[in-house]
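Enquirer: A single structure is presented below for examination.
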Amino acid sequence: MDTVRLLRTTSTVLVVAGLTLSGCSASGTGRSAAASSPSAASGPAGTPGSAVPGADATLAPLSADVPSALQSYYGQKLSWHGCDSGFECATMRVPLDYAHPVAADDLKLAVSRKKATGPGARIGSLLVNPGGPGGSAIDYLHYAGVSFPAPVRARYDMVAVDPRGVARSAPVTCLSNAQMDKFAQVDNTPDSAAQIKDVVSADKAFGQGCESRSKKLLGHVSTVDSARDMDVLRALLGDKKLYYVGKSYGTFLGATYAGLFPSRVGRMVLDGAMDPSLSSLKMGEAQAHGFETAFQAFAKDCVQQSGCPMGKTTSAAGSYVTKFLNGLDAHPLPTGQSRKLGEQLGTTGLLEAMYSKELWPVLRQALTAANHGDGSQLLALSDQYYERNAKGSYSNLMAANAAVNCLDLPAAANSPAQVEAALPAFRKASPHFGTDFAWMSLSCADWPVKPTGRAERIPAKGAAPIVVIGTTRDPATPYAWAQSLASQLQSATLVTYNGDGHTVYANGDDCVDTAVNTYLLQGKPPKKGLRCS
């Protein structure tokens with residue numbers, strides 16, 4: 001069972017897909033909806049997840065002056081040392097609590113960079129974040145530092161910091177590996193009162209585990225905290241402005257930075273954009289619709305392939321998935337290991353493949369194997385989603401994901417009755433996955449610390465031009481979110497990619513890459529209304 005639906009970046013999925021399916025560990029990312037607020041509403045023409053403009057709260061900027069209590073953090077010196085081939089590493093100090101900094105409570109955040117290769121004059125440091133919350137930016141840097149377009153790598157030092165609570169930076173911990181195995185298998189489409197109780201108990205136990213292992217940190221891992229950490233790093237890197245590429249949840253982190261420090265925005269790319277004005281409940285409904293759209297695109301492609309395991313028409317494919325998942329609920333498939341493929345793990349495997357079109361052939365193969373009684377390949381996709389390696393160890397992805405989401409926004413639902421009231425809207429948004437997404441609304445209901453954030457618009461008045469990218473059939477961050485964020489940010493330009501998958505920059509589309517490269521290298525945003533395909 002998912003704590004919250006992850007927003008995994010396409011680039012990271014592509015890097016690890018083959019590795020994970022052959023038994024090696026994954027290094028991916030993600031983020032999901034996890035809160036409710038009365039300020040958000042459904043969008044036009046029945047599209048879930050579009051904000052009502054003009055009536056929402058807004059994120060106010062911080063003072064442009066560094067408070068005296070934070071001067072020591074902004075004045076520290078980074079000590080760089082070689083760590084991986086071509087990369088350098090360092091550690092930076094930040095306060096646990098920006099409102100009450102105490103040196104004894106300071107957090108140490110891991111930083112890595114790959115220096116500009118040339119030719120051409122160095123522009124500055126380009127921070128990258130792949131999403132989550134919970135994804136390791138340093139792991140992603142190992143992709144971006146060698147695979148981002150060469151002209152960009154020539155002119156920028158490529159830099160990443162694992163956000164607080166993530167991976168190498170004071171990671172949040174919650175459950176043991178064995179407990180995570182059980183948690184991931186809890187049926188998130190309950191058919192009885194007993195199964196509803198299991199969902200509630202699992203979410204509560206997850207939160208209790210986080211409190212037991214990471215109590216001091218839980219109240220200080222918000223997106224605002226991480227955005228403030230990025231400003232400290234900007235100063236330590238010697239840059240007057242922040243240059244940034246954020247994907248998926250990384251767009252929310254970047255937009256939050258722009259809202260807090262608009263005068264310090266340099267060149268900022270937000271790819272696979274989130275809408276900060278939405279409640280968690282509306283985000284979950286919109287994501288359900290997004291994954292349904294992605295599934296329909298997959299099904300349309302599959303039935304055109306010879307030997308499609310779901311039938312010969314999209315209608316047949318839809319019926320197949322419903323019957324297949326119901327079958328797993330009644331009779332889990334063997335996988336060659338102690339864990340069988342039940343409905344929840346099967347659903348997670350299906351959804352994992354929706355993040356990237358390049359995973360569609362993998363899913364076809366996995367479903368073909370499942371039709372012959374072998375659930376191992378779908379289980380591998382599910383493990384990739386959870387960042388579970390072949391030895392049974394999990395990264396802290398899910399722990400950090402829940403901790404940040406439950407702090408950023410109030411719980412989407414506080415009782416099973418509230419979920420049941422929302423079920424019709426979720427099922428309308430996604431006939432195949434809506435129930436699963438609806439029950440995830442309880443993820444933060446019993447969280448041990450109260451949320452510090454709320455749904456709010458981010459105008460970032462006075463910021464330099466910002467580029468927002470939206471993909472029309474993005475499963476995890478629906479295109480409507482990019483449209484909304486671009487309308488909120490006063491200096492934003494929206495680039496539309498008519499295609500499939502989650503995020504697009506640096507994934508091989510010449511139109512998008514050319515537009516973004518020109519912006520990053522010359523400071524010229526793309527023309528208004530640019531559409532790529």
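Following the order of the structure tokens, first chain is A, next is B, and so on, with residues numbered from 1 inside each chain and ligands from 1 in the order they appear.
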Produce a table with one row for each residue of region 293-314 of chain A that has an atom at most 10 Å from any atom of region 334-355 of chain A, each row naming the nearest atom pair and its distance in Å at one decimal; use only C-alpha atoms; arrange rows by chain and rising residue number; format as a Markdown table.

Expert:
```
| residue | atom | partner | partner_atom | distance |
| --- | --- | --- | --- | --- |
| A:Thr293 | CA | A:Met354 | CA | 9.5 |
| A:Ala294 | CA | A:Met354 | CA | 6.0 |
| A:Phe295 | CA | A:Met354 | CA | 6.6 |
| A:Gln296 | CA | A:Met354 | CA | 10.0 |
| A:Ala297 | CA | A:Met354 | CA | 9.2 |
| A:Phe298 | CA | A:Met354 | CA | 7.6 |
```

Enquirer: Using only C-alpha atoms, what does the table of region 484-520 of chain A residues within 12 Å of region 225-244 of chain A look like, with each row giving the shortest atom pair and its distance in Å to one decimal, sorted by chain and ascending number, as JSON lines?

Expert:
```
{"residue": "A:Val516", "atom": "CA", "partner": "A:Tyr244", "partner_atom": "CA", "distance": 11.7}
{"residue": "A:Tyr519", "atom": "CA", "partner": "A:Tyr243", "partner_atom": "CA", "distance": 11.1}
{"residue": "A:Leu520", "atom": "CA", "partner": "A:Tyr243", "partner_atom": "CA", "distance": 8.3}
```

Enquirer: Grab the residues selected above and save them as a PDB file, in the first residue's frame with C-alpha atoms.

Expert:
```
ATOM      1  CA  VAL A 516      15.283  25.044 -22.778  1.00  0.00           C
ATOM      2  CA  TYR A 519      16.941  29.753 -22.188  1.00  0.00           C
ATOM      3  CA  LEU A 520      19.568  28.272 -19.863  1.00  0.00           C
TER       4      LEU A 520
END
```

Enquirer: List every residue of region 411-496 of chain A that has an atom at most 12 Å from any atom of region 323-333 of chain A, giving for each one its closest atom pair and the distance in Å to one decimal, counting only C-alpha atoms, sorted by chain and then by ascending residue number, as CSV.

Expert:
```
residue,atom,partner,partner_atom,distance
A:His432,CA,A:Leu325,CA,9.3
A:Phe433,CA,A:Leu325,CA,10.3
A:Asp436,CA,A:Leu325,CA,11.6
```

Enquirer: Let me see the file: selected residues, C-alpha atoms, as a PDB file, in the first residue's frame.

Expert:
```pdb
ATOM      1  CA  HIS A 432      -9.436   1.424 -13.119  1.00  0.00           C
ATOM      2  CA  PHE A 433      -7.371   3.123 -10.414  1.00  0.00           C
ATOM      3  CA  ASP A 436      -6.786   2.901  -5.021  1.00  0.00           C
TER       4      ASP A 436
END
```

Enquirer: Would you pick out the contacts of Gln488 (chain A) at 8 Å or less, using only C-alpha atoms, so that residues sharing its chain but fewer than 6 positions from it are not included, and give the list as a compact mmCIF listing (two decimals) with N, CA and C atoms, in the first residue's frame?

Expert:
```
# COMPACT_ATOMS: atom_id res chain seq x y z
N ARG A 457 -1.43 29.77 -3.87
CA ARG A 457 -0.87 30.18 -5.15
C ARG A 457 0.51 30.79 -4.93
N ILE A 458 1.35 30.69 -5.96
CA ILE A 458 2.70 31.26 -5.87
C ILE A 458 2.89 32.23 -7.03
N PRO A 459 2.78 33.53 -6.78
CA PRO A 459 2.97 34.50 -7.86
C PRO A 459 4.43 34.82 -8.13
```

Enquirer: Which residues of region 389-501 of chain A come within 7 Å of region 165-185 of chain A, and what is each one's closest atom pair and distance in Å (one decimal), counting only C-alpha atoms, sorted by chain and residue number, as CSV?

Expert:
```
residue,atom,partner,partner_atom,distance
A:Gly392,CA,A:Asn177,CA,6.6
A:Ser393,CA,A:Asn177,CA,5.7
A:Tyr394,CA,A:Asn177,CA,6.2
A:Asn396,CA,A:Thr173,CA,6.3
A:Ala399,CA,A:Thr173,CA,5.9
A:Ala400,CA,A:Val172,CA,5.6
```

Enquirer: Can you tell me, as a compact mmCIF listing (two decimals) with C-alpha atoms, in the first residue's frame, which residues in region 122-315 of chain A count as alpha helix (DSSP H) by DSSP?

Expert:
```
# COMPACT_ATOMS: atom_id res chain seq x y z
CA ALA A 137 19.06 14.61 -6.08
CA ILE A 138 22.63 13.33 -5.85
CA ASP A 139 21.66 10.02 -7.46
CA TYR A 140 19.89 12.01 -10.17
CA LEU A 141 22.98 14.16 -10.66
CA HIS A 142 24.85 11.05 -11.74
CA TYR A 143 22.41 10.94 -14.65
CA ALA A 144 22.14 14.67 -15.30
CA GLY A 145 25.86 15.27 -14.94
CA VAL A 146 26.59 13.09 -17.94
CA SER A 147 23.31 13.06 -19.88
CA ALA A 150 26.39 18.90 -23.64
CA PRO A 151 26.15 22.68 -24.23
CA VAL A 152 24.52 23.08 -20.80
CA ARG A 153 27.07 20.88 -19.05
CA ALA A 154 29.82 22.85 -20.74
CA ARG A 155 28.74 26.15 -19.20
CA ASN A 177 12.48 -3.82 5.50
CA ALA A 178 10.21 -6.64 6.63
CA GLN A 179 7.59 -4.13 7.78
CA MET A 180 7.81 -2.34 4.44
CA ASP A 181 7.19 -5.62 2.63
CA LYS A 182 3.96 -6.07 4.58
CA PHE A 183 2.98 -2.41 4.20
CA ALA A 184 3.35 -2.53 0.41
CA GLN A 185 0.96 -5.50 0.20
CA ALA A 193 -14.92 -3.54 7.04
CA ALA A 194 -12.00 -5.73 8.08
CA GLN A 195 -9.94 -4.64 5.08
CA ILE A 196 -10.79 -0.97 5.70
CA LYS A 197 -9.50 -1.47 9.23
CA ASP A 198 -6.29 -2.91 7.77
CA VAL A 199 -5.78 0.21 5.65
CA VAL A 200 -6.31 2.51 8.63
CA SER A 201 -4.04 0.40 10.85
CA ALA A 202 -1.28 0.28 8.25
CA ASP A 203 -1.23 4.07 7.80
CA LYS A 204 -1.25 4.62 11.55
CA ALA A 205 1.57 2.13 12.10
CA PHE A 206 3.62 3.82 9.39
CA GLY A 207 3.29 7.19 11.13
CA GLN A 208 4.09 5.67 14.50
CA GLY A 209 7.21 4.10 13.04
CA CYS A 210 8.34 7.48 11.71
CA GLU A 211 7.72 9.09 15.09
CA SER A 212 9.63 6.36 16.88
CA ARG A 213 12.68 6.57 14.62
CA SER A 214 12.70 10.21 13.42
CA LYS A 215 10.62 12.23 15.89
CA LYS A 216 12.94 15.26 16.14
CA LEU A 217 13.15 15.65 12.36
CA LEU A 218 9.49 15.15 11.41
CA THR A 223 9.24 22.05 1.21
CA VAL A 224 9.69 25.56 2.60
CA ASP A 225 12.54 24.27 4.78
CA SER A 226 14.21 22.65 1.76
CA ALA A 227 13.76 25.79 -0.36
CA ARG A 228 15.52 27.80 2.35
CA ASP A 229 18.31 25.21 2.35
CA MET A 230 18.71 25.77 -1.38
CA ASP A 231 19.21 29.49 -0.79
CA VAL A 232 22.00 28.77 1.67
CA LEU A 233 23.62 26.51 -0.92
CA ARG A 234 23.24 29.16 -3.63
CA ALA A 235 25.23 31.56 -1.46
CA LEU A 236 27.89 28.97 -0.62
CA TYR A 249 7.91 17.47 -7.12
CA GLY A 250 11.10 19.40 -7.88
CA THR A 251 8.86 21.92 -9.65
CA PHE A 252 7.01 22.55 -6.39
CA LEU A 253 10.34 22.95 -4.61
CA GLY A 254 11.55 25.38 -7.28
CA ALA A 255 8.31 27.35 -7.35
CA THR A 256 8.42 27.60 -3.55
CA TYR A 257 11.96 28.98 -3.78
CA ALA A 258 10.78 31.53 -6.35
CA GLY A 259 7.92 32.54 -4.09
CA LEU A 260 10.18 32.97 -1.05
CA SER A 280 -4.29 16.99 -1.50
CA LEU A 281 -7.73 15.57 -2.14
CA LYS A 282 -7.99 17.37 -5.47
CA MET A 283 -4.42 16.42 -6.34
CA GLY A 284 -5.20 12.77 -5.72
CA GLU A 285 -8.30 12.93 -7.89
CA ALA A 286 -6.35 14.67 -10.66
CA GLN A 287 -3.56 12.10 -10.49
CA ALA A 288 -6.10 9.28 -10.72
CA HIS A 289 -7.38 10.92 -13.91
CA GLY A 290 -3.79 11.34 -15.15
CA PHE A 291 -2.92 7.67 -14.67
CA GLU A 292 -6.17 6.65 -16.33
CA THR A 293 -5.24 8.82 -19.34
CA ALA A 294 -1.78 7.25 -19.43
CA PHE A 295 -3.25 3.76 -19.19
CA GLN A 296 -5.59 4.43 -22.10
CA ALA A 297 -2.60 5.59 -24.18
CA PHE A 298 -0.73 2.41 -23.21
CA ALA A 299 -3.74 0.26 -24.05
CA LYS A 300 -4.18 1.93 -27.44
CA ASP A 301 -0.53 1.21 -28.22
CA CYS A 302 -0.63 -2.33 -26.86
CA THR A 314 -8.93 -0.73 -26.02
CA SER A 315 -12.28 -1.77 -24.58
```

Enquirer: Using only C-alpha atoms for the distances, tell me which of A:Val94, A:Val504, A:Cys444, A:Ala369 is nearest to Pro130 (chain A).

Expert: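 Among A:Val94, A:Val504, A:Cys444, A:Ala369, it is A:Val504 that comes nearest to Pro130 (chain A).
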
Enquirer: Name the residues in contact with Thr514 (chain A) at a cut-off of 12 Å, using only C-alpha atoms, excluding same-chain residues fewer than 6 positions from it; report them as a PyMOL selection string.

Expert: chain A and resi 148-152+495+505-508+520-522+524-526+530+532

Enquirer: Hey, what's within 7 Å of Ser491 (chain A) if we count only C-alpha atoms and toss same-chain stuff fewer than 2 positions away? As a VMD selection string, please?

Expert: chain A and resid 463 to 466 489 493

Enquirer: Restricting the output to N, CA and C atoms, write the selected residues as a short mmCIF file (atom, residue, chain, number, x, y, z; two decimals), in the first residue's frame.

Expert:
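And here's part_2.cif as it stands now:
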```
data_model
loop_
_atom_site.label_atom_id
_atom_site.label_comp_id
_atom_site.auth_asym_id
_atom_site.auth_seq_id
_atom_site.Cartn_x
_atom_site.Cartn_y
_atom_site.Cartn_z
N ALA A 463 10.21 37.99 -9.97
CA ALA A 463 11.19 36.99 -10.37
C ALA A 463 11.54 37.13 -11.85
N ALA A 464 12.76 36.74 -12.18
CA ALA A 464 13.17 36.68 -13.58
C ALA A 464 12.32 35.66 -14.33
N PRO A 465 12.36 35.66 -15.67
CA PRO A 465 11.55 34.70 -16.44
C PRO A 465 11.79 33.25 -16.02
N ILE A 466 10.71 32.51 -15.88
CA ILE A 466 10.72 31.10 -15.48
C ILE A 466 10.06 30.28 -16.58
N LEU A 489 2.63 31.96 -11.63
CA LEU A 489 3.95 32.60 -11.64
C LEU A 489 3.91 33.77 -12.63
N THR A 493 6.66 31.28 -18.58
CA THR A 493 6.30 30.92 -19.95
C THR A 493 6.04 29.43 -19.97
#
```

Enquirer: Please identify the strand (DSSP E) residues within region 54-199 of chain A (assignment by DSSP from backbone atoms) and present them as a list in words.

Expert: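 Listing strand (DSSP E) positions across region 54-199 of chain A yields His81, Gly82, Glu88, Cys89, Ala90, Thr91, Met92, Arg93, Val94, Leu107, Lys108, Leu109, Ala110, Val111, Ser112, Arg113, Lys114, Gly124, Ser125, Leu126, Leu127, Val128, Asn129, Tyr156, Asp157, Met158, Val159, Ala160 and Val161 of chain A.
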
Enquirer: Using only C-alpha atoms, which of the listed residues (A:Thr518, A:Ser484, A:Gly307, A:Glu420) sits closest to Leu367 (chain A)?

Expert: A:Gly307

Enquirer: Quick check, in Å to one decimal: how far apart do CA of Gly462 (chain A) and CA of Arg267 (chain A) lie?

Expert: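 Distance reported for this atom pair: 13.2 Å.
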
Enquirer: Quick one: pull the distance between CA of Pro451 (chain A) and CA of Leu70 (chain A), Å, one decimal.

Expert: 24.1 Å

Enquirer: Could you check the closest approach to Met268 (chain A) for each of A:Ser376, A:Ala455, A:Ala403, A:Ala492 and tell me which residue wins, using only C-alpha atoms?

Expert: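 Answer, going by the shortest atom-to-atom distance: A:Ala492.
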
Enquirer: Using only C-alpha atoms, pick whichever of A:Leu397, A:Leu270, A:Ala316, A:Ala429 has the shortest atom-to-atom distance to Thr471 (chain A).

Expert: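 Distance minimum relative to Thr471 (chain A) lands on A:Leu270.
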
Enquirer: For each of A:Asp374, A:Asp65, A:Asp271, A:Asp509, take the minimum atom-to-atom distance to Leu494 (chain A), counting only C-alpha atoms, then give the residue where this is smallest.

Expert: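 Looking only at the distances to Leu494 (chain A), the closest residue turns out to be A:Asp271.
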